[in-house]
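Chemist: mmCIF, N, CA and C atoms, saved as protein31.cif, coming up:
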data_my_file
loop_
_atom_site.label_atom_id
_atom_site.label_comp_id
_atom_site.auth_asym_id
_atom_site.auth_seq_id
_atom_site.Cartn_x
_atom_site.Cartn_y
_atom_site.Cartn_z
N MET F 1 278.60 123.71 33.38
CA MET F 1 278.20 125.10 33.45
C MET F 1 277.96 125.41 34.90
N ASN F 2 278.46 126.52 35.37
CA ASN F 2 278.25 126.92 36.75
C ASN F 2 277.30 128.09 36.81
N VAL F 3 276.40 128.03 37.76
CA VAL F 3 275.49 129.14 38.00
C VAL F 3 275.57 129.45 39.47
N ASN F 4 275.85 130.67 39.79
CA ASN F 4 275.93 131.05 41.19
C ASN F 4 274.60 131.61 41.62
N ASN F 5 273.93 130.86 42.46
CA ASN F 5 272.63 131.25 42.96
C ASN F 5 272.36 130.37 44.16
N ASN F 6 271.53 130.85 45.06
CA ASN F 6 271.21 130.04 46.23
C ASN F 6 270.53 128.74 45.84
N GLN F 7 269.70 128.76 44.79
CA GLN F 7 268.94 127.57 44.41
C GLN F 7 269.54 126.82 43.24
N PHE F 8 270.32 127.49 42.41
CA PHE F 8 270.74 126.88 41.16
C PHE F 8 272.26 126.95 41.00
N ASN F 9 272.83 125.92 40.42
CA ASN F 9 274.23 125.94 40.05
C ASN F 9 274.27 126.25 38.56
N THR F 10 274.76 127.44 38.18
CA THR F 10 274.71 127.86 36.78
C THR F 10 276.04 127.72 36.07
N THR F 11 276.97 127.02 36.63
CA THR F 11 278.22 126.76 35.93
C THR F 11 278.23 125.28 35.59
N PHE F 12 278.61 124.98 34.36
CA PHE F 12 278.68 123.58 34.00
C PHE F 12 279.81 123.34 33.02
N SER F 13 280.34 122.15 33.05
CA SER F 13 281.32 121.72 32.07
C SER F 13 280.58 121.16 30.88
N GLY F 14 279.46 120.49 31.15
CA GLY F 14 278.57 120.04 30.10
C GLY F 14 278.97 118.77 29.38
N VAL F 15 280.24 118.47 29.32
CA VAL F 15 280.68 117.32 28.53
C VAL F 15 281.78 116.60 29.31
N GLN F 16 281.68 115.28 29.35
CA GLN F 16 282.69 114.48 30.03
C GLN F 16 284.03 114.58 29.30
N LYS F 17 285.12 114.39 30.03
CA LYS F 17 286.46 114.46 29.43
C LYS F 17 286.62 113.49 28.28
N GLU F 18 286.05 112.29 28.39
CA GLU F 18 286.18 111.31 27.31
C GLU F 18 285.52 111.83 26.03
N ALA F 19 284.37 112.46 26.18
CA ALA F 19 283.66 112.99 25.02
C ALA F 19 284.43 114.14 24.39
N GLN F 20 285.13 114.91 25.21
CA GLN F 20 285.91 116.02 24.68
C GLN F 20 287.01 115.53 23.75
N ASN F 21 287.53 114.34 24.00
CA ASN F 21 288.57 113.79 23.14
C ASN F 21 288.01 113.35 21.79
N ILE F 22 286.72 113.07 21.72
CA ILE F 22 286.08 112.60 20.49
C ILE F 22 285.45 113.76 19.72
N MET F 23 284.90 114.73 20.41
CA MET F 23 284.17 115.83 19.79
C MET F 23 285.09 117.00 19.46
N THR F 24 284.75 117.73 18.42
CA THR F 24 285.49 118.95 18.11
C THR F 24 285.00 120.07 19.03
N LYS F 25 285.77 121.15 19.10
CA LYS F 25 285.34 122.25 19.96
C LYS F 25 284.03 122.87 19.46
N ASP F 26 283.81 122.87 18.15
CA ASP F 26 282.55 123.40 17.62
C ASP F 26 281.37 122.51 18.02
N GLU F 27 281.57 121.20 18.01
CA GLU F 27 280.50 120.29 18.44
C GLU F 27 280.18 120.48 19.92
N ILE F 28 281.21 120.69 20.71
CA ILE F 28 281.01 120.94 22.13
C ILE F 28 280.26 122.25 22.34
N MET F 29 280.65 123.28 21.60
CA MET F 29 279.97 124.58 21.71
C MET F 29 278.51 124.46 21.27
N ASN F 30 278.24 123.61 20.28
CA ASN F 30 276.85 123.41 19.83
C ASN F 30 275.99 122.77 20.90
N ILE F 31 276.61 122.15 21.88
CA ILE F 31 275.89 121.60 23.03
C ILE F 31 275.78 122.65 24.13
N LEU F 32 276.90 123.31 24.43
CA LEU F 32 276.95 124.24 25.56
C LEU F 32 276.13 125.51 25.34
N VAL F 33 276.20 126.09 24.16
CA VAL F 33 275.53 127.37 23.91
C VAL F 33 274.01 127.27 24.08
N PRO F 34 273.35 126.29 23.44
CA PRO F 34 271.89 126.20 23.68
C PRO F 34 271.54 125.96 25.14
N LYS F 35 272.34 125.15 25.85
CA LYS F 35 272.09 124.93 27.27
C LYS F 35 272.21 126.24 28.05
N ALA F 36 273.25 127.00 27.75
CA ALA F 36 273.45 128.28 28.44
C ALA F 36 272.28 129.21 28.21
N TYR F 37 271.85 129.33 26.97
CA TYR F 37 270.72 130.20 26.65
C TYR F 37 269.43 129.71 27.31
N ASN F 38 269.19 128.41 27.30
CA ASN F 38 267.98 127.88 27.94
C ASN F 38 267.97 128.15 29.43
N ILE F 39 269.09 127.88 30.09
CA ILE F 39 269.19 128.10 31.53
C ILE F 39 269.03 129.58 31.85
N LEU F 40 269.71 130.45 31.09
CA LEU F 40 269.60 131.89 31.35
C LEU F 40 268.17 132.37 31.13
N GLY F 41 267.52 131.88 30.09
CA GLY F 41 266.13 132.26 29.84
C GLY F 41 265.20 131.83 30.96
N GLN F 42 265.40 130.62 31.47
CA GLN F 42 264.58 130.13 32.58
C GLN F 42 264.80 130.97 33.83
N ARG F 43 266.06 131.29 34.11
CA ARG F 43 266.36 132.11 35.28
C ARG F 43 265.78 133.51 35.10
N ALA F 44 265.89 134.07 33.90
CA ALA F 44 265.39 135.43 33.66
C ALA F 44 263.88 135.50 33.87
N GLU F 45 263.16 134.47 33.43
CA GLU F 45 261.71 134.45 33.63
C GLU F 45 261.37 134.54 35.11
N ARG F 46 262.15 133.88 35.95
CA ARG F 46 261.87 133.86 37.39
C ARG F 46 262.49 135.03 38.14
N GLU F 47 263.70 135.46 37.75
CA GLU F 47 264.48 136.36 38.60
C GLU F 47 264.58 137.80 38.11
N VAL F 48 264.25 138.06 36.86
CA VAL F 48 264.35 139.42 36.33
C VAL F 48 262.95 140.05 36.37
N PRO F 49 262.80 141.15 37.11
CA PRO F 49 261.50 141.81 37.16
C PRO F 49 261.23 142.62 35.89
N GLU F 50 259.96 142.89 35.60
CA GLU F 50 259.60 143.73 34.46
C GLU F 50 260.15 145.14 34.65
N ASN F 51 260.06 145.64 35.86
CA ASN F 51 260.51 147.00 36.19
C ASN F 51 261.33 146.97 37.46
N GLY F 52 262.23 147.92 37.56
CA GLY F 52 263.04 148.04 38.76
C GLY F 52 264.38 147.37 38.63
N LYS F 53 265.23 147.68 39.59
CA LYS F 53 266.57 147.12 39.61
C LYS F 53 266.53 145.69 40.14
N PHE F 54 267.55 144.93 39.77
CA PHE F 54 267.67 143.55 40.21
C PHE F 54 269.14 143.16 40.22
N ARG F 55 269.42 142.06 40.86
CA ARG F 55 270.78 141.55 40.91
C ARG F 55 271.10 140.84 39.60
N ARG F 56 272.27 141.09 39.05
CA ARG F 56 272.71 140.47 37.79
C ARG F 56 272.61 138.95 37.89
N ILE F 57 272.15 138.33 36.80
CA ILE F 57 272.14 136.88 36.73
C ILE F 57 273.05 136.45 35.58
N PHE F 58 273.64 135.27 35.70
CA PHE F 58 274.53 134.81 34.64
C PHE F 58 274.62 133.30 34.60
N VAL F 59 275.12 132.82 33.47
CA VAL F 59 275.44 131.41 33.28
C VAL F 59 276.86 131.38 32.73
N ALA F 60 277.67 130.44 33.19
CA ALA F 60 279.06 130.35 32.77
C ALA F 60 279.39 128.94 32.33
N PHE F 61 280.33 128.84 31.39
CA PHE F 61 280.81 127.53 30.96
C PHE F 61 282.22 127.65 30.43
N ASP F 62 282.96 126.54 30.48
CA ASP F 62 284.33 126.51 29.98
C ASP F 62 284.33 126.59 28.46
N VAL F 63 285.24 127.39 27.91
CA VAL F 63 285.41 127.46 26.46
C VAL F 63 286.31 126.28 26.07
N PRO F 64 285.85 125.40 25.18
CA PRO F 64 286.63 124.21 24.82
C PRO F 64 288.03 124.55 24.29
N ASP F 65 288.99 123.72 24.64
CA ASP F 65 290.38 123.84 24.19
C ASP F 65 291.05 125.13 24.63
N THR F 66 290.59 125.71 25.74
CA THR F 66 291.22 126.92 26.27
C THR F 66 291.28 126.82 27.79
N GLN F 67 291.87 127.83 28.39
CA GLN F 67 291.86 127.97 29.84
C GLN F 67 290.86 129.04 30.25
N ASN F 68 289.87 129.28 29.40
CA ASN F 68 288.95 130.39 29.60
C ASN F 68 287.54 129.92 29.94
N GLU F 69 286.80 130.83 30.53
CA GLU F 69 285.40 130.59 30.87
C GLU F 69 284.56 131.70 30.25
N ALA F 70 283.44 131.31 29.63
CA ALA F 70 282.51 132.27 29.04
C ALA F 70 281.36 132.50 30.01
N LEU F 71 280.86 133.74 30.02
CA LEU F 71 279.71 134.09 30.83
C LEU F 71 278.72 134.84 29.96
N ILE F 72 277.46 134.53 30.13
CA ILE F 72 276.41 135.32 29.49
C ILE F 72 275.54 135.81 30.64
N SER F 73 275.31 137.12 30.68
CA SER F 73 274.60 137.69 31.81
C SER F 73 273.52 138.67 31.38
N ILE F 74 272.58 138.87 32.29
CA ILE F 74 271.55 139.90 32.14
C ILE F 74 271.67 140.80 33.36
N GLU F 75 271.73 142.10 33.10
CA GLU F 75 271.82 143.06 34.20
C GLU F 75 271.04 144.31 33.87
N ASN F 76 270.90 145.20 34.85
CA ASN F 76 270.23 146.47 34.63
C ASN F 76 271.00 147.29 33.60
N ASP F 77 270.27 148.01 32.77
CA ASP F 77 270.90 148.95 31.87
C ASP F 77 271.38 150.14 32.70
N ALA F 78 272.59 150.61 32.46
CA ALA F 78 273.15 151.71 33.24
C ALA F 78 272.38 153.01 33.05
N ASN F 79 271.87 153.25 31.85
CA ASN F 79 271.17 154.50 31.56
C ASN F 79 269.69 154.48 31.92
N GLU F 80 269.07 153.31 31.82
CA GLU F 80 267.64 153.17 32.11
C GLU F 80 267.42 151.94 33.00
N PRO F 81 267.90 151.98 34.26
CA PRO F 81 267.87 150.78 35.10
C PRO F 81 266.48 150.33 35.53
N ASN F 82 265.48 151.20 35.44
CA ASN F 82 264.16 150.80 35.92
C ASN F 82 263.42 149.85 34.99
N ASP F 83 263.62 149.97 33.67
CA ASP F 83 262.85 149.09 32.78
C ASP F 83 263.65 148.46 31.64
N MET F 84 264.89 148.84 31.48
CA MET F 84 265.70 148.26 30.40
C MET F 84 266.76 147.32 31.00
N ARG F 85 267.04 146.25 30.24
CA ARG F 85 268.01 145.24 30.66
C ARG F 85 269.05 145.07 29.55
N ARG F 86 270.23 144.62 29.93
CA ARG F 86 271.31 144.37 28.97
C ARG F 86 271.72 142.91 29.02
N LEU F 87 271.98 142.36 27.84
CA LEU F 87 272.51 141.02 27.69
C LEU F 87 273.98 141.18 27.32
N ILE F 88 274.86 140.57 28.09
CA ILE F 88 276.30 140.75 27.93
C ILE F 88 276.98 139.39 27.85
N ILE F 89 277.97 139.29 26.96
CA ILE F 89 278.80 138.09 26.86
C ILE F 89 280.20 138.49 27.31
N GLY F 90 280.80 137.68 28.15
CA GLY F 90 282.15 137.94 28.62
C GLY F 90 282.97 136.66 28.65
N VAL F 91 284.28 136.82 28.59
CA VAL F 91 285.20 135.69 28.69
C VAL F 91 286.34 136.11 29.61
N HIS F 92 286.73 135.22 30.49
CA HIS F 92 287.88 135.48 31.35
C HIS F 92 288.71 134.21 31.49
N ARG F 93 289.96 134.41 31.87
CA ARG F 93 290.84 133.28 32.15
C ARG F 93 290.41 132.68 33.47
N LEU F 94 290.34 131.36 33.54
CA LEU F 94 289.97 130.71 34.79
C LEU F 94 290.88 131.19 35.90
N ASN F 95 290.34 131.40 37.07
CA ASN F 95 291.06 131.88 38.25
C ASN F 95 291.58 133.31 38.09
N SER F 96 290.94 134.08 37.23
CA SER F 96 291.30 135.49 37.04
C SER F 96 290.04 136.32 37.13
N ASP F 97 290.18 137.55 37.58
CA ASP F 97 289.01 138.42 37.65
C ASP F 97 288.98 139.45 36.52
N ARG F 98 289.93 139.38 35.60
CA ARG F 98 289.95 140.27 34.44
C ARG F 98 289.05 139.67 33.36
N ILE F 99 288.03 140.42 32.95
CA ILE F 99 287.07 139.91 31.98
C ILE F 99 287.02 140.81 30.76
N THR F 100 286.92 140.19 29.60
CA THR F 100 286.72 140.90 28.33
C THR F 100 285.28 140.62 27.93
N SER F 101 284.51 141.69 27.66
CA SER F 101 283.09 141.47 27.41
C SER F 101 282.55 142.35 26.30
N ASN F 102 281.41 141.93 25.77
CA ASN F 102 280.67 142.69 24.75
C ASN F 102 279.22 142.76 25.17
N TYR F 103 278.66 143.93 25.06
CA TYR F 103 277.23 144.12 25.23
C TYR F 103 276.59 143.69 23.91
N ILE F 104 275.58 142.83 23.95
CA ILE F 104 275.02 142.34 22.68
C ILE F 104 273.56 142.69 22.44
N PHE F 105 272.82 143.03 23.50
CA PHE F 105 271.41 143.36 23.29
C PHE F 105 270.89 144.17 24.46
N LYS F 106 270.02 145.14 24.15
CA LYS F 106 269.37 145.95 25.18
C LYS F 106 267.88 145.93 24.90
N GLY F 107 267.08 145.70 25.95
CA GLY F 107 265.64 145.70 25.78
C GLY F 107 264.92 145.47 27.09
N THR F 108 263.61 145.37 27.00
CA THR F 108 262.80 145.05 28.17
C THR F 108 263.00 143.58 28.50
N LYS F 109 262.44 143.17 29.62
CA LYS F 109 262.52 141.75 29.99
C LYS F 109 261.92 140.89 28.88
N LYS F 110 260.76 141.28 28.38
CA LYS F 110 260.10 140.52 27.32
C LYS F 110 260.98 140.43 26.08
N GLU F 111 261.59 141.53 25.69
CA GLU F 111 262.46 141.54 24.50
C GLU F 111 263.69 140.67 24.70
N ILE F 112 264.26 140.71 25.90
CA ILE F 112 265.42 139.86 26.21
C ILE F 112 265.03 138.39 26.10
N LEU F 113 263.88 138.02 26.67
CA LEU F 113 263.44 136.62 26.62
C LEU F 113 263.21 136.17 25.19
N GLU F 114 262.60 137.01 24.37
CA GLU F 114 262.38 136.67 22.96
C GLU F 114 263.71 136.54 22.22
N TYR F 115 264.64 137.42 22.51
CA TYR F 115 265.96 137.37 21.89
C TYR F 115 266.66 136.04 22.22
N LEU F 116 266.57 135.64 23.48
CA LEU F 116 267.21 134.38 23.89
C LEU F 116 266.60 133.16 23.22
N LYS F 117 265.34 133.25 22.82
CA LYS F 117 264.67 132.12 22.18
C LYS F 117 264.94 132.04 20.68
N ASN F 118 265.54 133.06 20.10
CA ASN F 118 265.81 133.10 18.67
C ASN F 118 266.99 132.16 18.35
N PRO F 119 266.77 131.09 17.58
CA PRO F 119 267.85 130.13 17.30
C PRO F 119 269.00 130.71 16.46
N GLU F 120 268.72 131.77 15.73
CA GLU F 120 269.75 132.36 14.87
C GLU F 120 270.86 133.05 15.67
N ILE F 121 270.59 133.47 16.88
CA ILE F 121 271.61 134.20 17.65
C ILE F 121 272.67 133.28 18.23
N LYS F 122 272.37 132.00 18.31
CA LYS F 122 273.32 131.08 18.94
C LYS F 122 274.64 131.00 18.17
N SER F 123 274.60 131.04 16.85
CA SER F 123 275.85 131.01 16.08
C SER F 123 276.61 132.32 16.26
N GLU F 124 275.89 133.43 16.35
CA GLU F 124 276.54 134.73 16.59
C GLU F 124 277.17 134.75 17.98
N PHE F 125 276.49 134.16 18.95
CA PHE F 125 277.03 134.07 20.30
C PHE F 125 278.32 133.27 20.30
N THR F 126 278.32 132.14 19.59
CA THR F 126 279.51 131.28 19.52
C THR F 126 280.67 132.05 18.91
N LYS F 127 280.43 132.78 17.83
CA LYS F 127 281.49 133.59 17.21
C LYS F 127 282.03 134.62 18.19
N THR F 128 281.14 135.25 18.95
CA THR F 128 281.56 136.26 19.91
C THR F 128 282.41 135.63 21.02
N VAL F 129 282.00 134.47 21.50
CA VAL F 129 282.78 133.78 22.54
C VAL F 129 284.17 133.45 22.01
N TYR F 130 284.25 132.90 20.80
CA TYR F 130 285.57 132.58 20.23
C TYR F 130 286.43 133.83 20.08
N SER F 131 285.85 134.91 19.63
CA SER F 131 286.59 136.17 19.45
C SER F 131 287.08 136.71 20.79
N LEU F 132 286.22 136.73 21.79
CA LEU F 132 286.62 137.21 23.11
C LEU F 132 287.66 136.30 23.73
N SER F 133 287.51 134.99 23.53
CA SER F 133 288.47 134.03 24.07
C SER F 133 289.84 134.23 23.43
N LYS F 134 289.85 134.48 22.13
CA LYS F 134 291.12 134.74 21.44
C LYS F 134 291.78 136.00 22.01
N SER F 135 290.98 137.03 22.27
CA SER F 135 291.49 138.27 22.84
C SER F 135 292.10 138.02 24.24
N VAL F 136 291.43 137.21 25.04
CA VAL F 136 291.94 136.88 26.37
C VAL F 136 293.25 136.12 26.24
N ASP F 137 293.30 135.14 25.32
CA ASP F 137 294.54 134.36 25.13
C ASP F 137 295.69 135.27 24.68
N GLU F 138 295.41 136.21 23.79
CA GLU F 138 296.44 137.12 23.32
C GLU F 138 296.96 138.00 24.47
N TYR F 139 296.06 138.45 25.31
CA TYR F 139 296.48 139.27 26.46
C TYR F 139 297.43 138.49 27.36
N TYR F 140 297.06 137.26 27.69
CA TYR F 140 297.89 136.47 28.61
C TYR F 140 299.18 135.98 27.95
N SER F 141 299.18 135.80 26.63
CA SER F 141 300.42 135.38 25.97
C SER F 141 301.44 136.51 25.89
N SER F 142 300.96 137.75 26.02
CA SER F 142 301.88 138.89 25.95
C SER F 142 302.47 139.26 27.30
N LEU F 143 302.06 138.59 28.36
CA LEU F 143 302.58 138.91 29.70
C LEU F 143 303.95 138.30 29.92
#
Before we go any further, please render this structure as structure tokens.
Modeler:
Amino acid sequence: MNVNNNQFNTTFSGVQKEAQNIMTKDEIMNILVPKAYNILGQRAEREVPENGKFRRIFVAFDVPDTQNEALISIENDANEPNDMRRLIIGVHRLNSDRITSNYIFKGTKKEILEYLKNPEIKSEFTKTVYSLSKSVDEYYSSL
């Protein structure tokens, strides 16, 4: 998982190549998704203010069995940037700047942090990543 920050690396692969040959993509995602949410939650506690604008934070990881990378980010809400935040999931082809994304939650910093701690959302997140990844693959296969 890669993380772009002066202090933290928020991008990670998470699993060694040998393990990828043994594990299914769902098993790999069951490892990566909780890590991504934990890291993003920790960063949000430190880097997202209760009020005011801030720089977008994100965590990224490779989608298993694809050439794609998933990102989960928190950024200012476009309509209410002073106190509302948005949680967004995106997928892009590695080495490409074209991203397909879904907005999944809007709330205060506290609400975002509580949402990230809810274990039930992790399966929904995984479904969204797979769906977005499929959309990215379809786009590139049609070129």
Chemist: What's the 10 Å shell around F:Asn30, counting only C-alpha atoms, without same-chain residues fewer than 4 positions away, as an MDAnalysis selection string?
Modeler: chainID F and resid 24:26 34:35 122:123 126
Chemist: From a DSSP calculation on the backbone, collect every residue of stretch 24-142 of chain F in strand (DSSP E or B) and output the set as a PyMOL selection string.
Modeler: chain F and resi 57-62+68-76+85-93+99-107
Chemist: Could you please determine the separation between atom CA of F:Ile74 and atom CA of F:Arg86 in Å, to one decimal place?
Modeler: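 It comes out at 5.5 Å.
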Chemist: Got a sec to tell me which of stretch 8-142 of chain F DSSP assigns to alpha helix (DSSP H), as a ChimeraX atom specification?
Modeler: /F:17-22,25-47,109-117,121-141
Chemist: Hey, which of F:Glu45, F:Glu27, F:Glu120, F:Glu69 ends up closest to F:His92? Count only C-alpha atoms.
Modeler: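 Looking at the shortest contact to F:His92, the residue is F:Glu69.
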Chemist: To one decimal place in Å, what is the distance between atom CA of F:Pro119 and atom CA of F:Val33?
Modeler: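 According to the coordinates, atom CA of F:Pro119 and atom CA of F:Val33 are separated by 10.5 Å.
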Chemist: At a cut-off of 5 Å, using only N, CA and C atoms, what residues contact F:Met84? Leave out same-chain residues fewer than 4 positions from it and give the result as an MDAnalysis selection string.
Modeler: chainID F and resid 76:77 80 107:108
Chemist: What does the file look like for those residues with N, CA and C atoms, as a CSV table (one decimal), in the frame of the given file?
Modeler:
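After the write, out05.csv holds the following:
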chain,number,residue,atom,x,y,z
F,76,ASN,N,270.9,145.2,34.8
F,76,ASN,CA,270.2,146.5,34.6
F,76,ASN,C,271.0,147.3,33.6
F,77,ASP,N,270.3,148.0,32.8
F,77,ASP,CA,270.9,149.0,31.9
F,77,ASP,C,271.4,150.1,32.7
F,80,GLU,N,269.1,153.3,31.8
F,80,GLU,CA,267.6,153.2,32.1
F,80,GLU,C,267.4,151.9,33.0
F,107,GLY,N,267.1,145.7,26.0
F,107,GLY,CA,265.6,145.7,25.8
F,107,GLY,C,264.9,145.5,27.1
F,108,THR,N,263.6,145.4,27.0
F,108,THR,CA,262.8,145.0,28.2
F,108,THR,C,263.0,143.6,28.5
Chemist: Rank F:Ile121, F:Ala36, F:Val91, F:Val48 by their smallest atom-to-atom distance to F:Ile104, using only C-alpha atoms, and report the top residue only.
Modeler: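 Going through F:Ile121, F:Ala36, F:Val91, F:Val48 one by one, the smallest distance to F:Ile104 is for F:Ile121.
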Chemist: Given the choices F:Ala70, F:Val59, F:Leu87, F:Leu143, which gets closest to F:Asn102 if the distance is worked out from only N, CA and C atoms?
Modeler: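 So, comparing all the options, the nearest one is F:Leu87.
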Chemist: Quick one, how far is atom C of F:Pro81 from atom CA of F:Lys53?
Modeler: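 Between atom C of F:Pro81 and atom CA of F:Lys53 the gap works out to 5.2 Å.
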Chemist: When you count all atoms listed in the file, which of these residues is closest to F:Arg56: F:Phe125, F:Ile28, F:Ser73, F:Glu114?
Modeler: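 Closest candidate: F:Ser73.
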Chemist: Considering only C-alpha atoms, can you say which of F:Arg93, F:Lys134, F:Lys127, F:Lys117 comes closest to F:Leu40?
Modeler: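 That would be F:Lys117, the residue with the smallest distance to F:Leu40.
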Chemist: Nearest to F:Val129 among F:Met23, F:Gln67, F:Tyr37, F:Gly90, with distances taken over only N, CA and C atoms: which residue is it?
Modeler: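 Selected residue with least distance to F:Val129: F:Gly90.
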Chemist: When the PyMOL selection byres ((chain F and resi 52) around 5) is applied to the file above, which residues end up in the set, as a list in words?
Modeler: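 For this structure, the PyMOL selection byres ((chain F and resi 52) around 5) captures Glu50, Asn51, Lys53, Phe54, Pro81, Asn82 and Asp83 of chain F.
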Chemist: Find the residues around F:Leu116 up to 7 Å (all atoms listed in the file counted), leave out those fewer than 3 positions away in its own chain, and share them as a PyMOL selection string.
Modeler: chain F and resi 37-38+41+111-113+119
Chemist: How would stretch 110-124 of chain F look with N, CA, C and O atoms restored, written as a PDB file, keeping the file's coordinate frame?
Modeler:
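The result, written out as selection-v1.pdb:
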ATOM      1  N   LYS F 110     260.760 141.280  28.380  1.00  0.00           N
ATOM      2  CA  LYS F 110     260.100 140.520  27.320  1.00  0.00           C
ATOM      3  C   LYS F 110     260.980 140.430  26.080  1.00  0.00           C
ATOM      4  O   LYS F 110     261.114 139.356  25.477  1.00  0.00           O
ATOM      5  N   GLU F 111     261.590 141.530  25.690  1.00  0.00           N
ATOM      6  CA  GLU F 111     262.460 141.540  24.500  1.00  0.00           C
ATOM      7  C   GLU F 111     263.690 140.670  24.700  1.00  0.00           C
ATOM      8  O   GLU F 111     264.119 139.967  23.784  1.00  0.00           O
ATOM      9  N   ILE F 112     264.260 140.710  25.900  1.00  0.00           N
ATOM     10  CA  ILE F 112     265.420 139.860  26.210  1.00  0.00           C
ATOM     11  C   ILE F 112     265.030 138.390  26.100  1.00  0.00           C
ATOM     12  O   ILE F 112     265.746 137.584  25.494  1.00  0.00           O
ATOM     13  N   LEU F 113     263.880 138.020  26.670  1.00  0.00           N
ATOM     14  CA  LEU F 113     263.440 136.620  26.620  1.00  0.00           C
ATOM     15  C   LEU F 113     263.210 136.170  25.190  1.00  0.00           C
ATOM     16  O   LEU F 113     263.580 135.053  24.807  1.00  0.00           O
ATOM     17  N   GLU F 114     262.600 137.010  24.370  1.00  0.00           N
ATOM     18  CA  GLU F 114     262.380 136.670  22.960  1.00  0.00           C
ATOM     19  C   GLU F 114     263.710 136.540  22.220  1.00  0.00           C
ATOM     20  O   GLU F 114     263.875 135.649  21.394  1.00  0.00           O
ATOM     21  N   TYR F 115     264.640 137.420  22.510  1.00  0.00           N
ATOM     22  CA  TYR F 115     265.960 137.370  21.890  1.00  0.00           C
ATOM     23  C   TYR F 115     266.660 136.040  22.220  1.00  0.00           C
ATOM     24  O   TYR F 115     267.238 135.402  21.342  1.00  0.00           O
ATOM     25  N   LEU F 116     266.570 135.640  23.480  1.00  0.00           N
ATOM     26  CA  LEU F 116     267.210 134.380  23.890  1.00  0.00           C
ATOM     27  C   LEU F 116     266.600 133.160  23.220  1.00  0.00           C
ATOM     28  O   LEU F 116     267.257 132.138  23.076  1.00  0.00           O
ATOM     29  N   LYS F 117     265.340 133.250  22.820  1.00  0.00           N
ATOM     30  CA  LYS F 117     264.670 132.120  22.180  1.00  0.00           C
ATOM     31  C   LYS F 117     264.940 132.040  20.680  1.00  0.00           C
ATOM     32  O   LYS F 117     264.629 131.031  20.049  1.00  0.00           O
ATOM     33  N   ASN F 118     265.540 133.060  20.100  1.00  0.00           N
ATOM     34  CA  ASN F 118     265.810 133.100  18.670  1.00  0.00           C
ATOM     35  C   ASN F 118     266.990 132.160  18.350  1.00  0.00           C
ATOM     36  O   ASN F 118     268.107 132.401  18.783  1.00  0.00           O
ATOM     37  N   PRO F 119     266.770 131.090  17.580  1.00  0.00           N
ATOM     38  CA  PRO F 119     267.850 130.130  17.300  1.00  0.00           C
ATOM     39  C   PRO F 119     269.000 130.710  16.460  1.00  0.00           C
ATOM     40  O   PRO F 119     270.111 130.217  16.512  1.00  0.00           O
ATOM     41  N   GLU F 120     268.720 131.770  15.730  1.00  0.00           N
ATOM     42  CA  GLU F 120     269.750 132.360  14.870  1.00  0.00           C
ATOM     43  C   GLU F 120     270.860 133.050  15.670  1.00  0.00           C
ATOM     44  O   GLU F 120     271.981 133.189  15.174  1.00  0.00           O
ATOM     45  N   ILE F 121     270.590 133.470  16.880  1.00  0.00           N
ATOM     46  CA  ILE F 121     271.610 134.200  17.650  1.00  0.00           C
ATOM     47  C   ILE F 121     272.670 133.280  18.230  1.00  0.00           C
ATOM     48  O   ILE F 121     273.745 133.734  18.588  1.00  0.00           O
ATOM     49  N   LYS F 122     272.370 132.000  18.310  1.00  0.00           N
ATOM     50  CA  LYS F 122     273.320 131.080  18.940  1.00  0.00           C
ATOM     51  C   LYS F 122     274.640 131.000  18.170  1.00  0.00           C
ATOM     52  O   LYS F 122     275.705 130.948  18.765  1.00  0.00           O
ATOM     53  N   SER F 123     274.600 131.040  16.850  1.00  0.00           N
ATOM     54  CA  SER F 123     275.850 131.010  16.080  1.00  0.00           C
ATOM     55  C   SER F 123     276.610 132.320  16.260  1.00  0.00           C
ATOM     56  O   SER F 123     277.839 132.324  16.342  1.00  0.00           O
ATOM     57  N   GLU F 124     275.890 133.430  16.350  1.00  0.00           N
ATOM     58  CA  GLU F 124     276.540 134.730  16.590  1.00  0.00           C
ATOM     59  C   GLU F 124     277.170 134.750  17.980  1.00  0.00           C
ATOM     60  O   GLU F 124     278.263 135.272  18.164  1.00  0.00           O
TER      61      GLU F 124
END
